[in-house]
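Data block below; observations after.
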Amino acid sequence: MHETVEHIQLNSKKIIDGDIKVYFCLILLLFVVISGKIGVYVLAFASFSCLSFYAAGRYYIKIIKIPIYFLVSGVIVILFFIPGKTVYQLYFLKISGEGVNIALNTALRALASLSIMSFMILTTTIPEMFSAFKKLKLPNFAVEMSLLVYRVIQILLDEAARLERSASSRLGYASRKVFVNTTALLSYSLFLKSLKRSEKLDRAMDARCYSGVMPILDVKNTGIYYALAIAVLLVALWWFL
């Protein structure tokens, strides 16, 4: 069975949980990006990779591997095209010492940032995230609109997946011409069915006395000491390096 990101988030093992998880990830992400220390990058990557792998297992590898493909191509460009004293030459391609330093810093900074964001993505649902933002005095209107848009996007994706399976079972992609016709019909059907599903969602919310405020689950903060330990280690490493 195909598992969605939300299903993974709900079933992940959360060492650090609650609103503190969102604040912890965002603050450390900012700190790691501006720290400028390789040791901080390495420790952040190792720490959050362990947290993410414990939380979601192989899904962490799945979610991080695609950005890494783009990162590798960018690092190769930096490596070969930054001018400076040549340390290695392969035919007409030259690698400079400055290029190696910049490529290494860029790669480690990106990996550290990716590991932090991956941990938050794998363990934090959108409602939990906006619950944390709401406690930072984010306007209620912005929170409610964001949650409603998130729900409507879920409806759209669900309808698109259902229509795509239906079309595939009827050989709707057998040839290029049939593919174009099927895509046009699916787009039209998706628009109409999404409107109907949105109307049903609206009626369901009204039936449950929706008054303009979406109910948000208040998750208890756990793992505060783990978060503090990681933060202190990163700050100490930055300070003493």
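Ordering of the structure tokens sets the chain letters (A, B, ...); residue numbers start at 1 within each chain; ligands are numbered from 1 in the order shown.
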
Which of segment 34-134 of chain A DSSP labels alpha helix (DSSP H), written as number ranges by chain: A: 34-35, 38-56, 58-81, 97-123, 126-134

Non-local contacts of segment 101-113 of chain A (8 Å; only C-alpha atoms; under 6 positions in same chain excluded) as a list in words: Leu29, Val32, Val33, Ile38, Tyr41, Val42, Ala44, Phe45, Phe48, Ile68, Leu71, Val72, Val75, Ile76, Ile78 and Leu79 of chain A

Could you dump the residues just selected with N, CA and C atoms as a tab-separated table (two decimals), in the first residue's frame?
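After the write, selection.tsv holds the following:
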```tsv
chain	number	residue	atom	x	y	z
A	29	LEU	N	18.13	25.37	12.57
A	29	LEU	CA	18.36	25.53	11.13
A	29	LEU	C	19.00	26.89	10.85
A	32	VAL	N	22.65	26.88	12.27
A	32	VAL	CA	23.58	26.09	11.45
A	32	VAL	C	23.94	26.83	10.17
A	33	VAL	N	22.97	27.46	9.53
A	33	VAL	CA	23.22	28.16	8.27
A	33	VAL	C	24.19	29.32	8.46
A	38	ILE	N	32.55	24.06	9.92
A	38	ILE	CA	32.39	22.72	9.39
A	38	ILE	C	32.01	21.73	10.49
A	41	TYR	N	28.36	21.81	11.12
A	41	TYR	CA	27.62	21.15	10.04
A	41	TYR	C	27.62	19.63	10.23
A	42	VAL	N	28.80	19.10	10.53
A	42	VAL	CA	28.94	17.64	10.68
A	42	VAL	C	28.12	17.12	11.85
A	44	ALA	N	25.52	18.58	13.31
A	44	ALA	CA	24.08	18.74	13.05
A	44	ALA	C	23.59	17.65	12.11
A	45	PHE	N	24.36	17.37	11.07
A	45	PHE	CA	23.97	16.32	10.13
A	45	PHE	C	23.90	14.96	10.81
A	48	PHE	N	20.78	14.96	13.52
A	48	PHE	CA	19.44	14.94	12.96
A	48	PHE	C	19.22	13.75	12.03
A	68	ILE	N	19.75	15.42	-2.61
A	68	ILE	CA	21.19	15.14	-2.68
A	68	ILE	C	21.65	15.05	-4.13
A	71	LEU	N	22.20	18.47	-5.14
A	71	LEU	CA	23.35	19.01	-4.40
A	71	LEU	C	24.67	18.56	-5.03
A	72	VAL	N	24.74	17.28	-5.40
A	72	VAL	CA	25.97	16.75	-6.00
A	72	VAL	C	26.32	17.49	-7.29
A	75	VAL	N	27.65	20.94	-6.40
A	75	VAL	CA	28.99	20.89	-5.81
A	75	VAL	C	30.04	20.63	-6.88
A	76	ILE	N	29.72	19.80	-7.86
A	76	ILE	CA	30.67	19.53	-8.96
A	76	ILE	C	30.96	20.81	-9.75
A	78	ILE	N	30.77	23.89	-8.60
A	78	ILE	CA	31.61	24.74	-7.75
A	78	ILE	C	33.05	24.24	-7.75
A	79	LEU	N	33.21	22.94	-7.69
A	79	LEU	CA	34.54	22.33	-7.59
A	79	LEU	C	35.42	22.66	-8.80
```

Among listed residues A:Lys220, A:Glu6, A:Val22, A:Ser35, nearest Trp238 of chain A (using only C-alpha atoms):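 So, comparing all the options, the nearest one is A:Ser35.
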
DSSP strand (DSSP E) residues within segment 30-182 of chain A, listed as a PyMOL selection string: chain A and resi 86-90+93-96

Give me a file of those residues, with N, CA and C atoms, as a JSON list (two decimals), in the first residue's frame.
```json
[["chain", "number", "residue", "atom", "x", "y", "z"],
["A", 86, "THR", "N", 45.73, 25.78, -8.55],
["A", 86, "THR", "CA", 45.34, 24.43, -8.98],
["A", 86, "THR", "C", 45.97, 23.36, -8.08],
["A", 87, "VAL", "N", 45.14, 22.46, -7.57],
["A", 87, "VAL", "CA", 45.64, 21.34, -6.77],
["A", 87, "VAL", "C", 45.49, 20.02, -7.51],
["A", 88, "TYR", "N", 44.64, 20.00, -8.52],
["A", 88, "TYR", "CA", 44.47, 18.78, -9.33],
["A", 88, "TYR", "C", 43.94, 19.17, -10.70],
["A", 89, "GLN", "N", 44.45, 18.50, -11.73],
["A", 89, "GLN", "CA", 44.00, 18.80, -13.09],
["A", 89, "GLN", "C", 43.71, 17.51, -13.84],
["A", 90, "LEU", "N", 42.56, 17.50, -14.50],
["A", 90, "LEU", "CA", 42.15, 16.37, -15.32],
["A", 90, "LEU", "C", 41.86, 16.91, -16.72],
["A", 93, "LEU", "N", 40.12, 20.29, -17.20],
["A", 93, "LEU", "CA", 39.40, 20.63, -15.97],
["A", 93, "LEU", "C", 40.38, 20.80, -14.82],
["A", 94, "LYS", "N", 40.24, 21.90, -14.11],
["A", 94, "LYS", "CA", 41.14, 22.20, -13.00],
["A", 94, "LYS", "C", 40.36, 22.36, -11.70],
["A", 95, "ILE", "N", 40.92, 21.79, -10.63],
["A", 95, "ILE", "CA", 40.32, 21.94, -9.30],
["A", 95, "ILE", "C", 41.27, 22.79, -8.46],
["A", 96, "SER", "N", 40.75, 23.88, -7.92],
["A", 96, "SER", "CA", 41.56, 24.77, -7.10],
["A", 96, "SER", "C", 41.32, 24.49, -5.62]]
```

Counting only C-alpha atoms, the residue of A:Val149, A:Leu186, A:Met120, A:Val180 that sits nearest Leu26 of chain A: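 Between A:Val149, A:Leu186, A:Met120, A:Val180, the residue approaching Leu26 of chain A most closely is A:Met120.
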
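Here the question is which of A:Val178, A:Leu147, A:Ile153, A:Val232 gets nearest to Leu195 of chain A using only C-alpha atoms, and that residue is A:Ile153.
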
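Compared by their closest atoms to Val40 of chain A, and using only C-alpha atoms, the residues A:Ala204, A:Ile82, A:Leu28, A:Leu217 rank with A:Leu28 nearest.
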
Spatial neighbours of Ile8 of chain A, max dist 8 Å, only C-alpha atoms, sep filter under 4 positions, as a PyMOL selection string: chain A and resi 3-4+12+56+122-123

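When only C-alpha atoms are used to measure the gap to Ile64 of chain A, the shortest distance among A:Val152, A:Ala167, A:Ile121, A:Ala207 belongs to A:Ile121.
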
From A:Ala132, A:Ala184, A:Val77, A:Leu43, residue lying nearest Asn221 of chain A [only C-alpha atoms]: A:Ala132

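The environment of Leu237 of chain A within 9 Å, counting only C-alpha atoms and disregarding residues fewer than 2 places along the same chain, consists of A:Lys37, A:Gly39, A:Val40, A:Leu43, A:Val232, A:Leu233, A:Leu234, A:Val235, A:Trp239, A:Phe240, A:Leu241.
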